[in-house]
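One file, target_21.cif, is given below (mmCIF, C-alpha atoms).
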data_query
#
loop_
_atom_site.label_atom_id
_atom_site.label_comp_id
_atom_site.auth_asym_id
_atom_site.auth_seq_id
_atom_site.Cartn_x
_atom_site.Cartn_y
_atom_site.Cartn_z
CA MET R 1 5.22 3.60 -12.31
CA ASN R 2 2.05 3.98 -14.36
CA TRP R 3 0.91 7.64 -14.19
CA LYS R 4 -2.73 6.72 -13.57
CA ARG R 5 -1.62 4.65 -10.60
CA GLY R 6 0.58 7.51 -9.44
CA ILE R 7 -2.37 9.89 -9.36
CA GLY R 8 -4.65 7.22 -7.88
CA SER R 9 -2.10 6.46 -5.17
CA GLY R 10 -1.76 10.17 -4.47
CA MET R 11 -5.50 10.65 -4.14
CA ALA R 12 -5.89 7.63 -1.84
CA ALA R 13 -2.91 8.68 0.29
CA GLY R 14 -4.23 12.25 0.44
CA ILE R 15 -7.64 11.18 1.71
CA VAL R 16 -6.02 9.02 4.41
CA TRP R 17 -3.73 11.95 5.24
CA GLY R 18 -6.73 14.27 5.57
CA PHE R 19 -8.13 12.06 8.34
CA ALA R 20 -4.65 11.73 9.88
CA ALA R 21 -4.23 15.53 9.91
CA MET R 22 -7.55 15.92 11.75
CA ALA R 23 -6.50 13.26 14.27
CA VAL R 24 -3.05 14.81 14.83
CA ASN R 25 -4.57 18.25 15.36
CA ALA R 26 -7.15 16.81 17.77
CA ILE R 27 -4.31 15.25 19.80
CA THR R 28 -1.96 18.27 19.76
CA GLY R 29 -4.71 20.88 20.06
CA VAL R 30 -2.52 23.30 18.08
CA PHE R 31 -5.51 24.87 16.34
CA PRO R 32 -9.02 24.83 17.86
CA VAL R 33 -11.15 24.09 14.79
CA GLU R 34 -14.05 26.43 14.02
CA HIS R 35 -16.20 24.24 11.76
CA ASP R 36 -18.13 21.11 12.72
CA LEU R 37 -16.77 17.59 12.22
CA LEU R 38 -18.80 16.77 9.10
CA HIS R 39 -17.69 19.98 7.39
CA ASN R 40 -14.06 19.33 8.28
CA ILE R 41 -14.15 15.72 7.08
CA THR R 42 -15.21 17.05 3.67
CA ALA R 43 -12.66 19.89 3.66
CA PHE R 44 -9.74 17.82 4.93
CA THR R 45 -10.32 14.88 2.60
CA THR R 46 -10.79 17.23 -0.38
CA GLY R 47 -7.70 19.25 0.53
CA GLY R 48 -5.77 16.04 1.16
CA ALA R 49 -6.86 14.55 -2.16
CA ILE R 50 -5.72 17.69 -4.03
CA PHE R 51 -2.36 17.65 -2.22
CA GLY R 52 -2.10 13.91 -2.92
CA ILE R 53 -2.83 14.23 -6.64
CA VAL R 54 -0.12 16.87 -7.02
CA THR R 55 2.48 14.91 -5.07
CA GLY R 56 1.53 11.55 -6.62
CA GLY R 57 1.54 13.03 -10.12
CA LEU R 58 4.91 14.68 -9.55
CA LEU R 59 6.35 11.49 -8.07
CA THR R 60 5.33 9.64 -11.24
CA LEU R 61 6.72 12.36 -13.51
CA ILE R 62 10.13 12.84 -11.91
CA HIS R 63 10.70 9.63 -9.95
CA ASP R 64 13.65 8.58 -12.12
CA SER R 65 15.49 11.85 -11.56
CA LEU R 66 15.02 11.94 -7.77
CA PRO R 67 18.06 11.18 -5.60
CA PHE R 68 16.71 8.35 -3.43
CA ARG R 69 16.01 4.75 -4.38
CA THR R 70 12.88 4.08 -2.35
CA PHE R 71 9.40 5.46 -2.99
CA ILE R 72 9.05 6.59 0.62
CA SER R 73 12.22 8.74 0.63
CA ASN R 74 11.36 10.32 -2.71
CA ALA R 75 7.74 10.91 -1.68
CA VAL R 76 8.85 12.60 1.57
CA LEU R 77 11.25 14.77 -0.44
CA ILE R 78 8.43 15.86 -2.78
CA THR R 79 5.80 16.49 -0.09
CA THR R 80 8.15 18.49 2.14
CA SER R 81 9.45 20.47 -0.86
CA ILE R 82 5.93 21.38 -1.97
CA TRP R 83 4.96 22.27 1.60
CA LEU R 84 8.07 24.50 1.91
CA ILE R 85 7.31 26.23 -1.41
CA LEU R 86 3.74 26.91 -0.26
CA ARG R 87 5.01 28.09 3.13
CA ILE R 88 7.46 30.49 1.47
CA GLY R 89 4.52 31.77 -0.60
CA GLY R 90 2.62 32.19 2.66
CA PHE R 91 5.54 34.10 4.16
CA LEU R 92 5.50 36.48 1.18
CA LEU R 93 1.74 36.93 1.57
CA SER R 94 2.28 37.65 5.29
CA SER R 95 4.73 40.39 4.32
CA VAL R 96 2.23 41.96 1.92
CA LYS R 97 -0.95 41.47 3.98
CA PRO R 98 0.07 40.85 7.61
CA VAL R 99 -3.46 41.33 8.94
CA ARG R 100 -4.99 38.68 6.72
CA TYR R 101 -2.08 36.23 6.61
CA HIS R 102 -0.55 35.96 10.06
CA ALA R 103 1.74 33.04 10.77
CA ASP R 104 1.47 30.70 13.75
CA LEU R 105 4.70 28.90 14.73
CA PRO R 106 3.19 25.80 16.43
CA ALA R 107 0.86 25.28 13.44
CA THR R 108 3.82 25.71 11.08
CA ILE R 109 5.80 23.01 12.92
CA GLN R 110 2.74 20.75 12.92
CA GLY R 111 2.26 21.39 9.20
CA PHE R 112 5.85 20.42 8.41
CA ILE R 113 5.49 17.18 10.39
CA LEU R 114 2.21 16.49 8.56
CA ALA R 115 4.00 17.03 5.22
CA ILE R 116 6.54 14.36 6.22
CA LEU R 117 3.65 12.09 7.25
CA MET R 118 2.00 12.67 3.86
CA GLY R 119 5.21 11.58 2.13
CA GLY R 120 5.34 8.45 4.26
CA ILE R 121 1.73 7.51 3.48
CA LEU R 122 2.18 8.25 -0.24
CA GLY R 123 5.40 6.22 -0.37
CA ILE R 124 3.78 3.23 1.33
CA VAL R 125 0.73 3.35 -0.98
CA CYS R 126 2.99 3.63 -4.06
CA GLN R 127 5.09 0.68 -2.90
CA ILE R 128 2.00 -1.47 -2.34
CA TRP R 129 0.64 -0.57 -5.80
CA GLN R 130 4.03 -1.14 -7.41
CA LYS R 131 4.26 -4.63 -5.89
CA SER R 132 0.75 -5.50 -7.08
CA GLU R 133 1.61 -4.44 -10.66
CA PRO R 134 2.30 -7.38 -13.00
CA ALA R 135 5.96 -7.49 -14.07
CA MET V 1 7.99 3.87 -37.40
CA GLU V 2 6.08 2.20 -34.58
CA LEU V 3 8.82 3.25 -32.17
CA ILE V 4 8.36 6.91 -33.20
CA ILE V 5 4.58 6.67 -32.76
CA LYS V 6 5.06 5.06 -29.33
CA ARG V 7 7.52 7.81 -28.34
CA GLU V 8 5.08 10.51 -29.47
CA ARG V 9 2.29 8.83 -27.54
CA ASP V 10 4.45 8.72 -24.40
CA LEU V 11 5.36 12.38 -24.86
CA LEU V 12 1.69 13.32 -25.25
CA LYS V 13 0.85 11.31 -22.14
CA THR V 14 3.54 13.16 -20.17
CA LEU V 15 2.23 16.48 -21.50
CA TRP V 16 -1.34 15.70 -20.40
CA LEU V 17 -0.11 14.51 -17.03
CA SER V 18 1.92 17.71 -16.59
CA LEU V 19 -1.09 19.86 -17.48
CA PHE V 20 -3.29 17.88 -15.11
CA VAL V 21 -0.82 18.19 -12.24
CA MET V 22 -0.47 21.94 -12.90
CA GLY V 23 -4.25 22.35 -12.86
CA VAL V 24 -4.57 20.54 -9.58
CA ALA V 25 -1.56 22.45 -8.20
CA PHE V 26 -3.43 25.67 -8.99
CA SER V 27 -6.43 24.33 -7.05
CA MET V 28 -4.09 23.54 -4.18
CA VAL V 29 -2.83 27.12 -4.09
CA VAL V 30 -6.43 28.33 -3.99
CA VAL V 31 -7.19 25.95 -1.11
CA VAL V 32 -4.00 26.70 0.81
CA TYR V 33 -4.16 30.48 0.60
CA GLY V 34 -7.93 30.90 0.68
CA HIS V 35 -15.14 32.68 5.82
CA ASP V 36 -14.12 29.94 3.45
CA ALA V 37 -14.53 26.18 3.59
CA PHE V 38 -10.83 25.35 3.97
CA HIS V 39 -10.11 27.72 6.86
CA ASP V 40 -9.45 25.00 9.46
CA PHE V 41 -7.51 22.89 6.95
CA ARG V 42 -5.12 25.76 6.22
CA HIS V 43 -4.43 26.40 9.90
CA VAL V 44 -3.86 22.72 10.67
CA ILE V 45 -1.34 22.25 7.82
CA GLY V 46 0.58 25.32 9.01
CA MET V 47 -0.23 27.90 6.37
CA PRO V 48 -0.71 31.54 7.39
CA CYS V 49 -4.34 32.53 7.69
CA HIS V 50 -6.69 35.18 9.04
#
Would you give me this structure, written as structure tokens?
Amino acid sequence: MNWKRGIGSGMAAGIVWGFAAMAVNAITGVFPVEHDLLHNITAFTTGGAIFGIVTGGLLTLIHDSLPFRTFISNAVLITTSIWLILRIGGFLLSSVKPVRYHADLPATIQGFILAILMGGILGIVCQIWQKSEPA
Amino acid sequence: MELIIKRERDLLKTLWLSLFVMGVAFSMVVVVYGHDAFHDFRHVIGMPCH
């Protein structure tokens, strides 16, 4: 896949995922948000776009060497791997600074599910863009 | 000759893409680990936070 489209797909998927993450958290009530809705729309879409660009860019770079055949499976593999790497980093930070970085199990489970959701959205967007590409 | 130029161009493109992804990945680490703007975002995606 074209790398510009990979990054574009990632950004689009990330923005959609940002809204989805807000909706999922509103339904589960795992974390009572502290900022207002307008602030969180900006933060979640920005954070989602950054996450999307990284995952979309990586998917473009290493798609051929990934084990699965479909975009969705490979995208889920990448998003969950990145989430796990970041979570392990968070675990290390918790060990060093437990007061500042304290873990929350329900939020961790929600985060992992959201990472899978991000992979699903990214895979679907990539598949749509791939189909629309001229052969 | 043209094939070599095309290969170099592809390699350069991959290099730029790698640098770009690394730059954005760094931004992601800043966002994920951090009363900052991304506080709620970090909690919701399951990262440890204050």
Give as a list in words the residues that the PyMOL selection byres ((chain V and resi 8-20) around 10) matches when applied to the coordinates above.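 This file, filtered by the PyMOL selection byres ((chain V and resi 8-20) around 10), leaves Trp3, Lys4, Ile7, Ile53, Val54, Gly57, Leu58, Thr60 and Leu61 of chain R; Glu2, Leu3, Ile4, Ile5, Lys6, Arg7, Val21, Met22, Gly23, Val24, Ala25 and Phe26 of chain V.
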Restricting the calculation to only C-alpha atoms, which member of R:Gly119, R:Pro67, R:Gly48, R:Gly14 is positioned closest to chain V?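 Of the candidates, the smallest distance to chain V is held by R:Gly48.
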Which is closest to chain V among R:Val33, R:Ile128, R:Ile82, R:Ile27, if we use only C-alpha atoms?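 Looking only at the distances to chain V, the closest residue turns out to be R:Val33.
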Give as a list in words every residue of chain V that touches chain R within 8 Å, counting all atoms listed in the file.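 Every residue of chain V that passes the 8 Å test is in Thr14, Leu17, Ser18, Val21, Met22, Val24, Ala25, Ser27, Met28, Val29, Val31, Val32, Tyr33, Ala37, Phe38, Asp40, Phe41, His43, Val44, Ile45, Gly46, Met47, Pro48, Cys49 and His50 of chain V.
Atom CA of R:Ser65 to atom CA of R:Gln127 spans 17.5 Å [interatomic distance, one decimal].
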Could you please determine the separation between atom CA of R:Ala23 and atom CA of R:Ile85 in Å, to one decimal place? 24.6 Å
Separation of atom CA of R:Ser95 from atom CA of R:Ile116, in Å and rounded to one decimal: 26.2 Å
List the residues matched by the PyMOL selection byres ((chain R and resi 70-77) around 8) in the displayed structure as a CSV table (one decimal) with C-alpha atoms, in the frame of the given file, ordered by chain and then by residue number.
chain,number,residue,atom,x,y,z
R,55,THR,CA,2.5,14.9,-5.1
R,56,GLY,CA,1.5,11.6,-6.6
R,59,LEU,CA,6.4,11.5,-8.1
R,63,HIS,CA,10.7,9.6,-10.0
R,66,LEU,CA,15.0,11.9,-7.8
R,67,PRO,CA,18.1,11.2,-5.6
R,68,PHE,CA,16.7,8.4,-3.4
R,69,ARG,CA,16.0,4.8,-4.4
R,78,ILE,CA,8.4,15.9,-2.8
R,79,THR,CA,5.8,16.5,-0.1
R,80,THR,CA,8.2,18.5,2.1
R,81,SER,CA,9.4,20.5,-0.9
R,115,ALA,CA,4.0,17.0,5.2
R,116,ILE,CA,6.5,14.4,6.2
R,117,LEU,CA,3.6,12.1,7.2
R,118,MET,CA,2.0,12.7,3.9
R,119,GLY,CA,5.2,11.6,2.1
R,120,GLY,CA,5.3,8.4,4.3
R,121,ILE,CA,1.7,7.5,3.5
R,122,LEU,CA,2.2,8.2,-0.2
R,123,GLY,CA,5.4,6.2,-0.4
R,124,ILE,CA,3.8,3.2,1.3
R,126,CYS,CA,3.0,3.6,-4.1
R,127,GLN,CA,5.1,0.7,-2.9
Got a minute to add N, CA and C atoms to stretch 97-121 of chain R and dump it as a PDB file, in the coordinates of the input?
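Final file, selection06.pdb:
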ATOM      1  N   LYS R  97       0.314  41.270   3.257  1.00  0.00           N
ATOM      2  CA  LYS R  97      -0.950  41.470   3.980  1.00  0.00           C
ATOM      3  C   LYS R  97      -0.863  40.843   5.368  1.00  0.00           C
ATOM      4  N   PRO R  98      -0.142  41.482   6.290  1.00  0.00           N
ATOM      5  CA  PRO R  98       0.070  40.850   7.610  1.00  0.00           C
ATOM      6  C   PRO R  98      -1.210  40.651   8.414  1.00  0.00           C
ATOM      7  N   VAL R  99      -2.221  41.474   8.171  1.00  0.00           N
ATOM      8  CA  VAL R  99      -3.460  41.330   8.940  1.00  0.00           C
ATOM      9  C   VAL R  99      -4.208  40.072   8.519  1.00  0.00           C
ATOM     10  N   ARG R 100      -4.264  39.851   7.212  1.00  0.00           N
ATOM     11  CA  ARG R 100      -4.990  38.680   6.720  1.00  0.00           C
ATOM     12  C   ARG R 100      -4.188  37.391   6.898  1.00  0.00           C
ATOM     13  N   TYR R 101      -2.902  37.438   6.558  1.00  0.00           N
ATOM     14  CA  TYR R 101      -2.080  36.230   6.610  1.00  0.00           C
ATOM     15  C   TYR R 101      -1.087  36.311   7.759  1.00  0.00           C
ATOM     16  N   HIS R 102      -1.517  35.961   8.960  1.00  0.00           N
ATOM     17  CA  HIS R 102      -0.550  35.960  10.060  1.00  0.00           C
ATOM     18  C   HIS R 102      -0.127  34.532  10.363  1.00  0.00           C
ATOM     19  N   ALA R 103       1.180  34.370  10.567  1.00  0.00           N
ATOM     20  CA  ALA R 103       1.740  33.040  10.770  1.00  0.00           C
ATOM     21  C   ALA R 103       1.574  32.597  12.223  1.00  0.00           C
ATOM     22  N   ASP R 104       1.613  31.288  12.421  1.00  0.00           N
ATOM     23  CA  ASP R 104       1.470  30.700  13.750  1.00  0.00           C
ATOM     24  C   ASP R 104       2.531  29.599  13.845  1.00  0.00           C
ATOM     25  N   LEU R 105       3.552  29.820  14.694  1.00  0.00           N
ATOM     26  CA  LEU R 105       4.700  28.900  14.730  1.00  0.00           C
ATOM     27  C   LEU R 105       4.328  27.452  15.078  1.00  0.00           C
ATOM     28  N   PRO R 106       3.539  27.203  16.145  1.00  0.00           N
ATOM     29  CA  PRO R 106       3.190  25.800  16.430  1.00  0.00           C
ATOM     30  C   PRO R 106       2.466  25.116  15.262  1.00  0.00           C
ATOM     31  N   ALA R 107       1.577  25.856  14.592  1.00  0.00           N
ATOM     32  CA  ALA R 107       0.860  25.280  13.440  1.00  0.00           C
ATOM     33  C   ALA R 107       1.827  25.024  12.286  1.00  0.00           C
ATOM     34  N   THR R 108       2.822  25.900  12.141  1.00  0.00           N
ATOM     35  CA  THR R 108       3.820  25.710  11.080  1.00  0.00           C
ATOM     36  C   THR R 108       4.624  24.439  11.327  1.00  0.00           C
ATOM     37  N   ILE R 109       5.044  24.228  12.577  1.00  0.00           N
ATOM     38  CA  ILE R 109       5.800  23.010  12.920  1.00  0.00           C
ATOM     39  C   ILE R 109       4.925  21.774  12.690  1.00  0.00           C
ATOM     40  N   GLN R 110       3.667  21.867  13.131  1.00  0.00           N
ATOM     41  CA  GLN R 110       2.740  20.750  12.920  1.00  0.00           C
ATOM     42  C   GLN R 110       2.558  20.474  11.428  1.00  0.00           C
ATOM     43  N   GLY R 111       2.435  21.539  10.641  1.00  0.00           N
ATOM     44  CA  GLY R 111       2.260  21.390   9.200  1.00  0.00           C
ATOM     45  C   GLY R 111       3.442  20.702   8.542  1.00  0.00           C
ATOM     46  N   PHE R 112       4.644  21.050   8.984  1.00  0.00           N
ATOM     47  CA  PHE R 112       5.850  20.420   8.410  1.00  0.00           C
ATOM     48  C   PHE R 112       5.879  18.926   8.747  1.00  0.00           C
ATOM     49  N   ILE R 113       5.535  18.601   9.986  1.00  0.00           N
ATOM     50  CA  ILE R 113       5.490  17.180  10.390  1.00  0.00           C
ATOM     51  C   ILE R 113       4.419  16.444   9.585  1.00  0.00           C
ATOM     52  N   LEU R 114       3.279  17.109   9.364  1.00  0.00           N
ATOM     53  CA  LEU R 114       2.210  16.490   8.560  1.00  0.00           C
ATOM     54  C   LEU R 114       2.661  16.280   7.109  1.00  0.00           C
ATOM     55  N   ALA R 115       3.483  17.197   6.594  1.00  0.00           N
ATOM     56  CA  ALA R 115       4.000  17.030   5.220  1.00  0.00           C
ATOM     57  C   ALA R 115       4.891  15.792   5.138  1.00  0.00           C
ATOM     58  N   ILE R 116       5.700  15.574   6.183  1.00  0.00           N
ATOM     59  CA  ILE R 116       6.540  14.360   6.220  1.00  0.00           C
ATOM     60  C   ILE R 116       5.647  13.121   6.291  1.00  0.00           C
ATOM     61  N   LEU R 117       4.603  13.207   7.120  1.00  0.00           N
ATOM     62  CA  LEU R 117       3.650  12.090   7.250  1.00  0.00           C
ATOM     63  C   LEU R 117       2.985  11.782   5.911  1.00  0.00           C
ATOM     64  N   MET R 118       2.621  12.841   5.183  1.00  0.00           N
ATOM     65  CA  MET R 118       2.000  12.670   3.860  1.00  0.00           C
ATOM     66  C   MET R 118       2.945  11.908   2.922  1.00  0.00           C
ATOM     67  N   GLY R 119       4.224  12.276   2.958  1.00  0.00           N
ATOM     68  CA  GLY R 119       5.210  11.580   2.130  1.00  0.00           C
ATOM     69  C   GLY R 119       5.313  10.110   2.498  1.00  0.00           C
ATOM     70  N   GLY R 120       5.280   9.838   3.794  1.00  0.00           N
ATOM     71  CA  GLY R 120       5.340   8.450   4.260  1.00  0.00           C
ATOM     72  C   GLY R 120       4.149   7.641   3.778  1.00  0.00           C
ATOM     73  N   ILE R 121       2.957   8.215   3.916  1.00  0.00           N
ATOM     74  CA  ILE R 121       1.730   7.510   3.480  1.00  0.00           C
ATOM     75  C   ILE R 121       1.768   7.290   1.967  1.00  0.00           C
TER      76      ILE R 121
END
